Each structure stands twice: as structure tokens, then as C-alpha cells.
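Trainee: Data file my_file_33.txt (compact mmCIF, C-alpha atoms and all ligand atoms) is appended below.
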# COMPACT_ATOMS: atom_id res chain seq x y z
CA MET A 1 -9.38 -4.55 -19.02
CA ARG A 2 -10.97 -7.25 -21.15
CA SER A 3 -10.71 -10.89 -20.13
CA THR A 4 -9.26 -11.74 -23.54
CA ASP A 5 -6.38 -9.32 -22.95
CA LEU A 6 -5.73 -10.91 -19.55
CA LEU A 7 -5.80 -14.42 -21.04
CA ASN A 8 -3.32 -13.36 -23.72
CA ILE A 9 -1.03 -11.97 -21.03
CA ALA A 10 -1.16 -15.26 -19.11
CA LYS A 11 -0.36 -17.12 -22.33
CA LYS A 12 2.55 -14.83 -23.19
CA PHE A 13 4.16 -14.37 -19.78
CA GLY A 14 3.08 -17.56 -18.05
CA ASP A 15 1.24 -17.90 -14.76
CA PRO A 16 0.85 -16.86 -12.06
CA VAL A 17 1.26 -13.25 -13.11
CA TYR A 18 0.32 -9.79 -11.85
CA VAL A 19 -1.17 -7.30 -14.34
CA TYR A 20 -1.67 -3.55 -13.78
CA ASP A 21 -3.87 -1.34 -15.93
CA SER A 22 -2.31 2.13 -16.23
CA GLU A 23 -5.57 3.68 -17.46
CA LYS A 24 -7.33 2.81 -14.21
CA ILE A 25 -4.49 4.28 -12.15
CA ILE A 26 -4.63 7.50 -14.17
CA SER A 27 -8.42 7.77 -13.87
CA GLN A 28 -8.28 7.26 -10.09
CA PHE A 29 -5.57 9.92 -9.80
CA ASN A 30 -7.70 12.35 -11.82
CA ARG A 31 -10.82 11.50 -9.82
CA LEU A 32 -9.14 12.34 -6.53
CA THR A 33 -7.58 15.50 -7.95
CA ASN A 34 -10.95 16.61 -9.29
CA ALA A 35 -12.72 15.98 -6.00
CA PHE A 36 -10.43 18.56 -4.39
CA LYS A 37 -10.30 21.04 -7.25
CA SER A 38 -11.46 23.92 -5.08
CA VAL A 39 -8.30 23.66 -2.98
CA LYS A 40 -5.56 25.87 -4.41
CA ASN A 41 -2.62 23.67 -3.43
CA LEU A 42 -3.32 19.93 -3.47
CA LYS A 43 -0.56 17.34 -3.21
CA LEU A 44 -1.13 13.62 -3.65
CA ASN A 45 1.80 11.59 -2.35
CA TYR A 46 1.33 8.06 -3.64
CA ALA A 47 1.97 5.51 -0.83
CA ALA A 48 4.77 3.44 -2.38
CA LYS A 49 4.20 0.50 -0.05
CA ALA A 50 1.02 -0.40 -1.94
CA LEU A 51 2.87 -1.22 -5.15
CA SER A 52 6.47 -0.17 -5.51
CA ASN A 53 7.49 -1.39 -8.95
CA LEU A 54 9.77 1.25 -10.51
CA SER A 55 7.56 1.59 -13.60
CA ILE A 56 4.50 2.25 -11.43
CA LEU A 57 6.48 4.87 -9.51
CA ARG A 58 7.51 6.46 -12.82
CA LEU A 59 3.87 6.51 -13.91
CA MET A 60 2.91 8.28 -10.66
CA ASN A 61 5.73 10.76 -11.10
CA SER A 62 4.57 11.51 -14.64
CA LEU A 63 1.09 12.33 -13.27
CA GLY A 64 2.56 14.92 -10.91
CA SER A 65 2.21 12.79 -7.80
CA GLY A 66 4.60 12.98 -4.88
CA LEU A 67 5.66 9.86 -2.99
CA ASP A 68 4.95 8.68 0.53
CA THR A 69 7.65 6.31 1.78
CA VAL A 70 8.16 4.27 4.93
CA SER A 71 11.68 2.91 4.56
CA ILE A 72 14.98 4.24 3.31
CA GLN A 73 14.74 1.65 0.53
CA GLU A 74 11.43 3.10 -0.66
CA VAL A 75 13.05 6.55 -0.58
CA LYS A 76 15.85 5.27 -2.80
CA LEU A 77 13.39 3.58 -5.16
CA GLY A 78 11.53 6.89 -5.44
CA LEU A 79 14.71 8.78 -6.28
CA LEU A 80 15.64 6.10 -8.81
CA ALA A 81 12.21 6.48 -10.39
CA GLY A 82 12.87 10.18 -10.92
CA PHE A 83 11.04 11.83 -8.02
CA LYS A 84 12.67 15.03 -6.79
CA PRO A 85 13.69 14.72 -3.12
CA GLU A 86 11.28 17.49 -2.12
CA ASP A 87 8.42 15.46 -3.63
CA ILE A 88 9.15 12.52 -1.35
CA ILE A 89 7.97 12.35 2.24
CA PHE A 90 9.49 9.81 4.63
CA THR A 91 6.88 8.60 7.14
CA PRO A 92 8.45 5.70 9.01
CA ASN A 93 7.36 4.14 12.27
CA GLY A 94 9.79 2.85 14.85
CA VAL A 95 12.91 3.22 12.71
CA SER A 96 16.29 4.35 13.99
CA LEU A 97 17.50 7.93 14.14
CA GLU A 98 20.25 6.91 11.70
CA GLU A 99 17.71 5.86 9.07
CA ILE A 100 15.87 9.17 9.42
CA GLU A 101 19.16 11.06 9.15
CA GLU A 102 20.04 9.13 6.02
CA ALA A 103 16.73 10.13 4.45
CA ALA A 104 17.20 13.75 5.54
CA ALA A 105 20.66 13.77 3.96
CA LEU A 106 19.02 12.75 0.67
CA GLY A 107 16.88 15.89 0.92
CA VAL A 108 13.46 14.29 1.34
CA ARG A 109 10.78 15.61 3.67
CA ILE A 110 10.80 14.06 7.11
CA ASN A 111 7.74 13.04 9.08
CA ILE A 112 8.35 12.07 12.72
CA ASP A 113 5.87 10.05 14.76
CA ASN A 114 7.37 9.86 18.27
CA LEU A 115 8.75 12.30 20.81
CA SER A 116 11.99 10.43 21.44
CA ILE A 117 13.19 10.70 17.84
CA LEU A 118 11.77 14.21 17.53
CA GLU A 119 13.90 15.35 20.45
CA GLN A 120 17.02 13.58 19.19
CA PHE A 121 16.57 14.79 15.61
CA GLY A 122 15.73 18.34 16.69
CA SER A 123 18.78 18.54 18.97
CA LYS A 124 21.11 17.59 16.13
CA HIS A 125 19.39 19.08 13.06
CA ALA A 126 17.32 22.07 14.13
CA ASP A 127 17.90 23.51 10.65
CA ILE A 128 15.96 20.69 8.93
CA PRO A 129 12.19 21.25 8.99
CA VAL A 130 10.04 18.28 9.93
CA CYS A 131 6.43 17.26 9.75
CA ILE A 132 4.76 15.69 12.77
CA ARG A 133 2.49 12.68 12.69
CA ILE A 134 -0.32 13.13 15.15
CA ASN A 135 -2.40 10.34 16.62
CA PRO A 136 -5.87 11.89 16.83
CA HIS A 137 -7.29 8.93 18.78
CA VAL A 138 -10.10 7.99 16.48
CA MET A 139 -11.09 4.41 15.75
CA ALA A 140 -11.21 4.03 12.00
CA GLY A 141 -10.37 1.34 9.49
CA GLY A 142 -11.91 -1.81 8.08
CA ASN A 143 -10.03 -4.23 10.36
CA SER A 144 -8.14 -4.01 13.65
CA ASN A 145 -4.81 -4.66 11.88
CA ILE A 146 -5.29 -1.66 9.61
CA SER A 147 -6.75 0.73 12.19
CA VAL A 148 -3.84 2.84 13.26
CA GLY A 149 -5.15 6.07 14.77
CA HIS A 150 -6.70 4.79 18.01
CA ILE A 151 -5.41 5.17 21.55
CA ASP A 152 -3.67 1.76 21.65
CA SER A 153 -1.98 2.24 18.31
CA LYS A 154 1.81 2.47 18.02
CA PHE A 155 1.52 5.21 15.38
CA GLY A 156 1.80 8.94 15.80
CA ILE A 157 2.26 11.38 18.65
CA SER A 158 -0.77 11.49 20.88
CA ILE A 159 -2.74 14.70 20.88
CA HIS A 160 -2.49 14.52 24.66
CA GLN A 161 1.27 14.96 24.34
CA ILE A 162 1.06 18.29 22.52
CA PRO A 163 2.41 20.29 25.51
CA HIS A 164 5.53 18.09 25.63
CA LEU A 165 5.85 18.27 21.85
CA LEU A 166 5.73 22.07 22.00
CA ARG A 167 8.44 22.12 24.67
CA ILE A 168 10.72 20.02 22.45
CA VAL A 169 10.10 22.29 19.48
CA GLU A 170 10.79 25.40 21.51
CA LEU A 171 13.91 24.10 23.26
CA THR A 172 15.51 22.67 20.12
CA GLY A 173 14.46 25.60 17.93
CA MET A 174 13.29 23.20 15.22
CA ASN A 175 10.86 24.18 12.51
CA ILE A 176 7.61 22.24 12.02
CA ASN A 177 6.52 22.49 8.38
CA GLY A 178 3.66 19.98 8.33
CA ILE A 179 1.06 18.17 10.41
CA HIS A 180 0.03 14.68 9.45
CA MET A 181 -2.36 11.90 10.41
CA HIS A 182 -3.28 8.52 9.02
CA THR A 183 -6.04 6.79 10.87
CA GLY A 184 -6.33 3.49 9.01
CA SER A 185 -7.27 1.75 5.80
CA ASP A 186 -10.74 0.98 4.43
CA ILE A 187 -12.49 3.85 6.18
CA LEU A 188 -16.15 3.82 5.27
CA ASP A 189 -17.41 6.87 7.04
CA ILE A 190 -16.25 10.25 5.80
CA ASP A 191 -17.36 11.80 9.08
CA VAL A 192 -14.36 10.03 10.61
CA PHE A 193 -12.13 12.03 8.30
CA LEU A 194 -13.93 15.24 9.01
CA TYR A 195 -13.86 14.68 12.76
CA ALA A 196 -10.14 13.84 12.77
CA SER A 197 -9.47 16.82 10.50
CA GLU A 198 -10.84 19.18 13.13
CA ILE A 199 -8.29 17.73 15.55
CA LEU A 200 -5.54 18.39 13.02
CA PHE A 201 -6.71 21.96 12.49
CA GLU A 202 -6.67 22.55 16.24
CA THR A 203 -3.16 21.10 16.45
CA ALA A 204 -1.99 23.13 13.47
CA LYS A 205 -2.75 26.38 15.25
CA HIS A 206 0.21 25.74 17.57
CA PHE A 207 2.70 25.99 14.69
CA LYS A 208 3.30 29.25 12.91
CA SER A 209 5.31 28.17 9.86
CA LEU A 210 3.35 25.26 8.45
CA GLU A 211 3.46 24.59 4.72
CA PHE A 212 1.07 21.64 4.54
CA ILE A 213 -1.46 19.50 6.37
CA ASP A 214 -1.41 15.84 5.40
CA PHE A 215 -4.65 13.94 5.95
CA GLY A 216 -3.14 10.52 5.25
CA SER A 217 -5.33 8.10 3.42
CA GLY A 218 -7.51 5.06 4.08
CA PHE A 219 -10.08 5.49 1.32
CA LYS A 220 -12.19 2.37 0.91
CA VAL A 221 -12.35 1.03 -2.63
CA PRO A 222 -15.00 -1.41 -3.92
CA TYR A 223 -13.98 -5.08 -3.97
CA LYS A 224 -16.97 -6.20 -6.00
CA GLU A 225 -19.80 -4.64 -7.96
CA GLY A 226 -22.05 -2.55 -5.74
CA ASP A 227 -19.60 -2.70 -2.84
CA ILE A 228 -19.46 0.28 -0.49
CA GLN A 229 -16.64 2.75 -1.02
CA THR A 230 -15.52 6.07 0.40
CA ASN A 231 -17.54 8.82 -1.25
CA ILE A 232 -14.53 10.79 -2.50
CA GLU A 233 -16.59 13.49 -4.17
CA GLU A 234 -18.55 14.22 -0.98
CA LEU A 235 -15.36 14.12 1.10
CA GLY A 236 -13.71 16.46 -1.43
CA GLN A 237 -16.53 18.93 -1.23
CA LYS A 238 -16.79 18.95 2.57
CA LEU A 239 -13.11 18.79 3.47
CA SER A 240 -12.06 21.32 0.81
CA GLY A 241 -14.54 23.86 2.15
CA ARG A 242 -13.36 23.37 5.70
CA PHE A 243 -9.69 23.42 4.65
CA ASN A 244 -10.09 26.68 2.73
CA GLU A 245 -11.80 28.20 5.76
CA PHE A 246 -8.97 27.04 8.00
CA CYS A 247 -6.34 28.55 5.69
CA LYS A 248 -8.07 31.92 6.02
CA GLU A 249 -8.07 31.56 9.79
CA TYR A 250 -4.42 30.48 9.75
CA GLY A 251 -3.52 33.44 7.56
CA ARG A 252 -1.72 31.51 4.83
CA GLU A 253 -2.54 29.28 1.87
CA LEU A 254 -1.41 25.81 2.96
CA THR A 255 -1.08 22.65 0.88
CA LEU A 256 -3.64 19.91 1.45
CA ALA A 257 -1.86 16.58 1.15
CA PHE A 258 -3.04 12.97 0.95
CA GLU A 259 -1.07 9.77 0.65
CA PRO A 260 -3.33 7.29 -1.12
CA GLY A 261 -2.19 3.77 -1.88
CA LYS A 262 -5.20 1.51 -2.34
CA PHE A 263 -7.32 4.20 -3.95
CA LEU A 264 -4.84 4.66 -6.78
CA VAL A 265 -3.77 1.10 -7.53
CA SER A 266 -6.04 -1.51 -5.93
CA GLU A 267 -8.62 -1.82 -8.69
CA ALA A 268 -5.98 -1.47 -11.42
CA GLY A 269 -4.44 -4.83 -10.48
CA TYR A 270 -5.32 -8.37 -11.57
CA PHE A 271 -3.66 -11.55 -10.41
CA LEU A 272 -3.91 -14.51 -12.78
CA ALA A 273 -3.36 -18.08 -11.62
CA LYS A 274 -4.01 -21.44 -13.27
CA VAL A 275 -6.14 -24.17 -11.72
CA ASN A 276 -3.94 -27.23 -11.18
CA VAL A 277 -6.50 -29.50 -9.55
CA VAL A 278 -10.26 -29.59 -9.02
CA LYS A 279 -10.78 -31.77 -5.97
CA GLN A 280 -14.17 -32.90 -4.76
CA THR A 281 -14.19 -33.91 -1.08
CA THR A 282 -17.21 -35.04 0.92
CA SER A 283 -18.08 -31.47 1.82
CA THR A 284 -16.36 -29.11 -0.61
CA VAL A 285 -15.18 -28.61 -4.16
CA PHE A 286 -11.67 -27.21 -4.04
CA ALA A 287 -10.04 -25.42 -6.94
CA SER A 288 -6.28 -25.47 -6.27
CA VAL A 289 -4.27 -22.89 -8.17
CA ASP A 290 -0.57 -22.63 -8.98
CA SER A 291 -0.07 -19.96 -6.32
CA GLY A 292 -0.74 -19.37 -2.65
CA PHE A 293 -0.42 -16.89 0.18
CA ASN A 294 3.23 -16.57 -0.76
CA HIS A 295 1.97 -14.46 -3.70
CA LEU A 296 -1.23 -12.92 -2.37
CA ILE A 297 -1.43 -12.98 1.41
CA ARG A 298 -4.25 -10.53 2.08
CA PRO A 299 -7.05 -13.12 2.44
CA MET A 300 -5.03 -15.14 4.96
CA LEU A 301 -3.45 -12.11 6.66
CA TYR A 302 -6.55 -10.06 7.34
CA GLY A 303 -9.50 -11.72 5.74
CA ALA A 304 -9.49 -9.58 2.61
CA SER A 305 -12.01 -10.75 0.05
CA HIS A 306 -10.80 -10.60 -3.55
CA GLN A 307 -13.36 -11.27 -6.24
CA ILE A 308 -12.37 -14.40 -8.21
CA VAL A 309 -13.52 -14.88 -11.80
CA ASN A 310 -12.95 -17.79 -14.14
CA ILE A 311 -11.88 -15.90 -17.25
CA SER A 312 -11.31 -19.13 -19.21
CA ASN A 313 -14.99 -20.03 -18.98
CA PRO A 314 -16.89 -16.80 -18.29
CA LYS A 315 -20.26 -18.08 -19.48
CA GLY A 316 -20.26 -21.47 -17.71
CA ARG A 317 -22.79 -22.62 -15.13
CA GLU A 318 -21.98 -21.11 -11.74
CA ARG A 319 -21.03 -23.52 -8.96
CA TYR A 320 -19.64 -23.20 -5.45
CA TYR A 321 -15.89 -23.56 -5.00
CA SER A 322 -13.29 -23.00 -2.33
CA VAL A 323 -10.29 -21.55 -4.10
CA VAL A 324 -7.08 -22.58 -2.39
CA GLY A 325 -3.34 -22.29 -2.91
CA TYR A 326 -0.52 -24.84 -2.88
CA ILE A 327 1.15 -23.74 0.37
CA CYS A 328 1.65 -26.43 3.02
CA GLU A 329 -0.70 -24.75 5.49
CA THR A 330 -4.29 -23.63 5.31
CA ASP A 331 -4.11 -21.42 2.28
CA THR A 332 -7.52 -20.14 1.30
CA PHE A 333 -8.18 -17.38 -1.22
CA GLY A 334 -11.95 -17.65 -0.94
CA ASN A 335 -14.49 -20.06 0.53
CA ASN A 336 -17.79 -21.01 -1.08
CA ARG A 337 -17.47 -18.69 -4.03
CA ARG A 338 -19.93 -18.87 -6.88
CA ILE A 339 -17.69 -19.14 -9.90
CA SER A 340 -18.37 -20.10 -13.47
CA GLU A 341 -17.66 -23.85 -13.82
CA ILE A 342 -13.95 -24.56 -13.38
CA SER A 343 -11.88 -27.14 -15.26
CA GLU A 344 -8.26 -27.95 -14.58
CA GLY A 345 -6.09 -25.62 -16.66
CA ASP A 346 -8.51 -22.66 -16.43
CA ILE A 347 -7.15 -19.24 -15.55
CA LEU A 348 -8.71 -17.59 -12.50
CA CYS A 349 -8.52 -13.82 -12.18
CA PHE A 350 -8.26 -12.23 -8.72
CA HIS A 351 -9.49 -8.64 -8.72
CA ASN A 352 -8.18 -5.69 -6.67
CA ALA A 353 -4.69 -7.13 -6.91
CA GLY A 354 -2.88 -3.81 -7.28
CA ALA A 355 -2.40 -2.77 -3.66
CA TYR A 356 -0.53 -4.73 -1.00
CA CYS A 357 -0.37 -7.86 -3.14
CA PHE A 358 2.94 -8.13 -4.99
CA THR A 359 4.63 -5.95 -2.35
CA MET A 360 3.70 -8.50 0.31
CA ALA A 361 4.75 -11.52 -1.78
CA SER A 362 7.46 -13.82 -0.47
CA ASN A 363 9.47 -16.90 -1.40
CA TYR A 364 7.75 -19.09 1.20
CA ASN A 365 7.94 -22.78 0.26
CA SER A 366 10.90 -21.74 -1.92
CA ARG A 367 8.60 -20.58 -4.70
CA PHE A 368 9.46 -17.89 -7.21
CA ARG A 369 7.71 -14.56 -7.02
CA PRO A 370 5.61 -13.94 -10.15
CA PRO A 371 6.28 -11.46 -12.94
CA GLU A 372 4.50 -8.10 -13.18
CA VAL A 373 3.05 -6.77 -16.42
CA LEU A 374 1.87 -3.24 -17.14
CA TRP A 375 -1.07 -2.86 -19.54
CA HIS A 376 -0.47 0.52 -21.13
CA ASN A 377 -2.03 1.96 -24.30
CA GLY A 378 -3.27 -1.46 -25.34
CA LYS A 379 0.14 -3.12 -24.93
CA ALA A 380 1.43 -5.58 -22.35
CA ILE A 381 4.84 -4.56 -21.04
CA LEU A 382 6.86 -6.79 -18.72
CA ILE A 383 7.95 -4.67 -15.73
CA ARG A 384 9.35 -7.45 -13.53
CA GLU A 385 10.58 -10.84 -14.56
CA ARG A 386 9.56 -14.06 -12.86
CA GLU A 387 12.18 -15.12 -10.36
CA THR A 388 14.44 -18.05 -11.10
CA PHE A 389 16.25 -20.64 -9.02
CA ASP A 390 19.33 -18.38 -9.13
CA ASP A 391 17.32 -15.62 -7.42
CA LEU A 392 16.37 -18.04 -4.65
CA ILE A 393 19.97 -18.88 -3.80
CA ARG A 394 21.57 -15.53 -4.72
CA ASN A 395 22.30 -14.37 -1.18
CA GLN A 396 22.80 -17.73 0.44
CA VAL A 397 26.26 -18.65 1.63
CA ASP A 398 26.57 -22.38 1.28
CA ALA A 399 28.60 -23.63 4.29
CA LYS A 400 29.23 -26.92 2.53
CA GLU A 401 32.73 -27.37 4.01
CA LEU A 402 31.12 -27.81 7.46
CA PHE A 403 29.02 -30.79 6.53
CA GLU A 404 30.23 -33.91 4.79
CA PRO A 405 27.53 -36.28 3.56
CA LYS A 406 27.55 -39.50 5.60
CA LYS A 407 29.80 -42.15 4.04
CA ALA A 408 27.89 -45.17 2.86
CA LYS A 409 29.70 -47.51 5.32
CA GLU A 410 29.15 -45.28 8.35
CA ALA A 411 25.56 -44.92 7.46
CA VAL A 412 25.14 -48.69 7.71
CA LYS A 413 26.66 -48.85 11.24
C1 LIG A 501 1.11 6.34 6.88
C2 LIG A 501 0.30 5.75 5.79
N1 LIG A 501 -0.08 6.52 4.77
C3 LIG A 501 -0.79 6.02 3.72
C4 LIG A 501 -1.14 4.70 3.66
C5 LIG A 501 -1.92 4.20 2.48
O1 LIG A 501 -3.18 3.80 2.85
P1 LIG A 501 -4.22 3.27 1.79
O2 LIG A 501 -3.56 2.20 0.99
O3 LIG A 501 -5.38 2.79 2.56
O4 LIG A 501 -4.56 4.41 0.90
C6 LIG A 501 -0.80 3.85 4.72
C7 LIG A 501 -1.18 2.44 4.70
O5 LIG A 501 -0.86 1.63 5.51
C8 LIG A 501 -0.03 4.39 5.80
O6 LIG A 501 0.34 3.62 6.83
If you convert what's in this file into C-alpha cells, what do you get?
Mentor:
Amino acid sequence: MRSTDLLNIAKKFGDPVYVYDSEKIISQFNRLTNAFKSVKNLKLNYAAKALSNLSILRLMNSLGSGLDTVSIQEVKLGLLAGFKPEDIIFTPNGVSLEEIEEAAALGVRINIDNLSILEQFGSKHADIPVCIRINPHVMAGGNSNISVGHIDSKFGISIHQIPHLLRIVELTGMNINGIHMHTGSDILDIDVFLYASEILFETAKHFKSLEFIDFGSGFKVPYKEGDIQTNIEELGQKLSGRFNEFCKEYGRELTLAFEPGKFLVSEAGYFLAKVNVVKQTTSTVFASVDSGFNHLIRPMLYGASHQIVNISNPKGRERYYSVVGYICETDTFGNNRRISEISEGDILCFHNAGAYCFTMASNYNSRFRPPEVLWHNGKAILIRERETFDDLIRNQVDAKELFEPKKAKEAVK
């Protein structure tokens, strides 16, 4: 997207504001599909948690994507956005049996990641096929908080528990239709994928009526020019070959599934915020924007580095700034960034703001969550309004009858 288009959006819809470029989402979807073109049955299930605006879900549905969901609410959003139940997979962690049953009653695919629920679900609903999330015990992911396939992780059923798993399947008579793994986000090394895939293939051999193998996601996207990223084309070539070989061995054409979030939407997103104050201290020049980690928490949550560009003054002299938010705690978007000279009132653009940005936004400090705008075919379309004061108090029950303000006289005593 051009900076001028972004500036016009900030002018029209106010700031801060999230903007998503549909063309980038479509090109990423096509890139991933193309990388695996030699696989007969490929299914991309977009990970709704990354960005769950209904219009984005509708866009994904229109591309032929399925949907990966982690809560019953995401399942319902998916259905509302027009996904067929069979195109939605429910992959929760640590949720109740009741929530899984509710999803199953809606007809979506079920993915179970612990033996306790597997046994309970299988005993009651042996007729409903389920997928199993395996923990292959590999250490992958860009950060310990987003590495989820290692031995200490709470996710998945350990490969060392396969004998117990098989006993449950046999005794309940349940049908396993898929095998799944997700080892973490921001995986740099495709050998990690290939290594973990071999573990999935080995596991798959235990189940005779599989329909699909789901390799999760975790593809690393670039956060700035020249940044390292997962080599999707190389992964496509190597994994497709191995998958096709495995299908021959298995004796049936299976579906190869992925559930990408970041890969599809990260780079399509821009977050625009206005500089309220430029503050020179003895050691630093701060640029304080009209936002904070209530809107974009990734830098504070796990040290994510979003490129920050001054789109109001793109050709200015570059200087060092610490870009900070207005939250009443340390609230840093980026330290010592070289940014084109900033004046108060300038609009800063945060890149890679499509994945895990708006979906992690909150009302902390009683601030409104920002609007979301879709840039589609050269037009800016509002897909979520900015919150208002009414939204902030909507669900509050004001127990005002319990508390009388102090009377003036009593207050004096
Ligand atoms: C089970 C599962 N699948 C898919 C994803 C999406 O990962 P990414 O955004 O790295 O593509 C996640 C992310 O946390 C996940 O937990």
C-alpha cells in the first residue's frame, strides 16, 4: 500500500487505526497454495486467532480457505462468516469437555490434545471422528512463549504416550480422522518441519482411517526488508515430495493441511498512530503516540519488533527515537529506532500489524479499541468502528445504590 493511501485513511477514519490490505492476503494465500501444488489435496485452514474480523474471515472463505479455531466463539464467528462446519477445525487447549461437545454439535471437526478429554469424548461420542494433536517434542519457534512443541509444553499428546492413546482408541471404538502438530511460531529452519513431519508420519501409521495430516503452522515472515523468513517454496518442494511418498506407503491419498495465521495476514496489516509529544530527555528522544500496548502488545509481550515509519515525513533526516505509548507503565514500541524526523502531529506507521495485533487489543486504561479498515480494490472500507464510551460501560452493572457520596457535613468531621 502507498503511504498516501494510509495517510488518507488516517484522515478519514481518525487515529489510531488498523488497516489491512486484501491484495497482500490474497497473494500470500496463493503463494502458499502454489508452493504445495504437487500435493493433490491441500487444505489451508486460516488460524482465526491471528485476525478474526468477520470481513477478513469472509475474505478467507472466498479464497477457499478453511478455518482453524481455538474457542467456541471463534467457531461461531467462522459459521457467521459463512464457513461450512466441515471446513472449520476446532483445536483448543485446556478447554472443558462441554465446550468441545458444543463445537461437535455444530458439526465442526474436532482436534483433541490431551488423553483425559480424548477418553471422555470417545466414551460418549465414539461416532464422531476426531483428529489428534501430537506433541513431537521438538524445540522450535522464535521465542520461548511461542514455542509449543517441546517436552515441557502444555500442548499436544506426547509421542511417548502413543501406546496409551491407542488403548483409548481401541476401547472406546472411536475413529481418528486426522493427525496434527503445531510446534511454534516464527520457525526459521525448515528442517525442523521436516524432522517433525517424520514423527507425524510414523504416528499416522497407527491409524487406518485417516483423512488428513495437519502440519500446523509457524512460518516466519519478514519484519523488515531483508529479514529472514521461512523458505516456503523450498519447504513446499521438500515436504510435498515426502508427503506424496507417505500417501503411497499409507495406501490412500490424504489431505495435507496447514493452519497459517501470521503468514497470511501479518504483512497485510498497518497500524497508524499520531505523535502527541516529542520529548527530549537527557538521554533519549521519545516520540509518544496516541496509542499503547493496549492496542499493540506484541513488543511488550514478547519483544516483537515492528518496523516504524514516519509516513508524514518520509524524506526527512533520519534521527534516533524511542517510540512509546501513553499507558501508565513502561510502554515501548521500539527503542533507538532510526526514523525520518518526527514532528508532533505526524502519523507513524507500524508494519506487520495484521497478525496478533488487533485480536490482542484491550481496553486497558479505559481506552477505546481502534477501528479496522480493509483496503480492497483501491477503496478503504470500514470493517470495525472505533469503540465509544458506551462500549466501555456496556456490560458494567453500576451498584450505585450501595454507595452514597459522603455528605458535605460528614466529610468535614
Ligand atoms: C495450533 C495453532 N495453529 C496455528 C497457529 C498459527 O500460527 P502462525 O500465526 O505462526 O501461523 C497457532 C498460533 O499460535 C496455533 O497455536
Trainee: Would you mind telling me which residue in A:Ser123, A:Asn34, A:Ser71, A:Asn231 lies nearest to Ala103 in chain A when using only C-alpha atoms?
Mentor: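 Comparing A:Ser123, A:Asn34, A:Ser71, A:Asn231 against Ala103 in chain A, the winner is A:Ser71.
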Trainee: Mind running chain A against ligand LIG 501 (chain A) at 8 Å and telling me each contacting residue's nearest atom pair with the distance in Å (one decimal), counting all atoms listed in the file, chain and number ascending, as a Markdown table?
Mentor:
| residue | atom | partner | partner_atom | distance |
| --- | --- | --- | --- | --- |
| A:Tyr46 | CA | A:LIG501 | C3 | 7.9 |
| A:Ala47 | CA | A:LIG501 | C5 | 5.3 |
| A:Lys49 | CA | A:LIG501 | C7 | 7.4 |
| A:Ala50 | CA | A:LIG501 | O2 | 6.0 |
| A:Asp68 | CA | A:LIG501 | N1 | 6.9 |
| A:Val70 | CA | A:LIG501 | C1 | 7.6 |
| A:Thr91 | CA | A:LIG501 | C1 | 6.2 |
| A:Pro92 | CA | A:LIG501 | C1 | 7.7 |
| A:Ile146 | CA | A:LIG501 | O5 | 6.9 |
| A:Val148 | CA | A:LIG501 | O6 | 7.7 |
| A:Met181 | CA | A:LIG501 | C1 | 7.4 |
| A:His182 | CA | A:LIG501 | C1 | 5.3 |
| A:Gly184 | CA | A:LIG501 | O3 | 6.6 |
| A:Ser185 | CA | A:LIG501 | O3 | 3.9 |
| A:Asp186 | CA | A:LIG501 | O3 | 6.0 |
| A:Gly216 | CA | A:LIG501 | N1 | 5.1 |
| A:Ser217 | CA | A:LIG501 | O4 | 4.5 |
| A:Gly218 | CA | A:LIG501 | O3 | 3.5 |
| A:Phe219 | CA | A:LIG501 | O3 | 5.6 |
| A:Lys220 | CA | A:LIG501 | O3 | 7.0 |
| A:Phe258 | CA | A:LIG501 | C3 | 7.8 |
| A:Glu259 | CA | A:LIG501 | C3 | 4.9 |
| A:Pro260 | CA | A:LIG501 | O4 | 3.7 |
| A:Gly261 | CA | A:LIG501 | O2 | 3.5 |
| A:Lys262 | CA | A:LIG501 | O2 | 3.8 |
| A:Phe263 | CA | A:LIG501 | O4 | 5.6 |
| A:Leu264 | CA | A:LIG501 | O4 | 7.7 |
| A:Ala355 | CA | A:LIG501 | O2 | 6.9 |
| A:Tyr356 | CA | A:LIG501 | O2 | 7.8 |
Trainee: Could you check which of A:Ile134, A:Ile190, A:Ala268, A:Leu115 is closest to Ile168 in chain A, using only C-alpha atoms?
Mentor: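 Under the stated criterion, the closest residue is A:Leu115.
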Trainee: Find the residue from A:Asn175, A:Arg31, A:Ile26, A:Tyr326 that sits nearest to Ser62 in chain A; use all atoms listed in the file when measuring.
Mentor: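 The closest residue to Ser62 in chain A is A:Ile26.
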Trainee: Within 8 Å of (10.3, 16.6, -1.7) (file coordinates; only C-alpha atoms), which protein or nucleic acid residues are there? I'd like them as a ChimeraX atom specification.
Mentor: /A:66,83-89,107-109
Trainee: Would you compute the distance between CA of Asn53 in chain A and CA of Ser312 in chain A? Give it in Å to one decimal.
Mentor: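 Computing it gives 27.8 Å between the two atoms.
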Trainee: Kindly indicate which residue among A:Ala104, A:Glu267, A:Asn336, A:Phe358 lies nearest to Ser27 in chain A, using all atoms listed in the file for the distances.
Mentor: A:Glu267
Trainee: Calculated over only C-alpha atoms, which of the candidates A:Ile308, A:Ala196, A:Ala353, A:Leu348 has the smallest distance to Val221 in chain A?
Mentor: A:Ala353
Trainee: With only C-alpha atoms as the atoms that count, which of A:Ser291, A:Gln120, A:Asn177, A:Ser153 lies nearest to Asp15 in chain A?
Mentor: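 Checking each candidate against Asp15 in chain A, we get A:Ser291 as the closest.
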Trainee: Hey, can you pull every residue with an atom no more than 6 Å from (-10.1, -6.7, -10.4), using only C-alpha atoms, and send it as a list in words?
Mentor: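 Taken together, the residues in range are Glu267, Gly269, Tyr270, His351 and Asn352 of chain A.
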Trainee: Go ahead and dump the residues you just picked, C-alpha atoms, as a CSV table (one decimal), in the coordinates of the input.
Mentor:
chain,number,residue,atom,x,y,z
A,267,GLU,CA,-8.6,-1.8,-8.7
A,269,GLY,CA,-4.4,-4.8,-10.5
A,270,TYR,CA,-5.3,-8.4,-11.6
A,351,HIS,CA,-9.5,-8.6,-8.7
A,352,ASN,CA,-8.2,-5.7,-6.7
Trainee: Just want the 9 Å neighbourhood of Ile132 in chain A, counted on only C-alpha atoms, with same-chain residues fewer than 3 positions away dropped. Output as a ChimeraX atom specification.
Mentor: /A:110-114,118,156-157,176-181
Trainee: Can you tell me, as a VMD selection string, what residues are no more than 12 Å from Ser38 in chain A when counting all atoms listed in the file, ignoring any on the same chain fewer than 4 positions away?
Mentor: chain A and resid 32 to 34 42 233 236 to 245 256
Trainee: For Gly82 in chain A, please output as a ChimeraX atom specification all residues within 12 Å (counting all atoms listed in the file; exclusion window: fewer than 5 positions along the same chain).
Mentor: /A:54-62,64-67,75-77,87-88
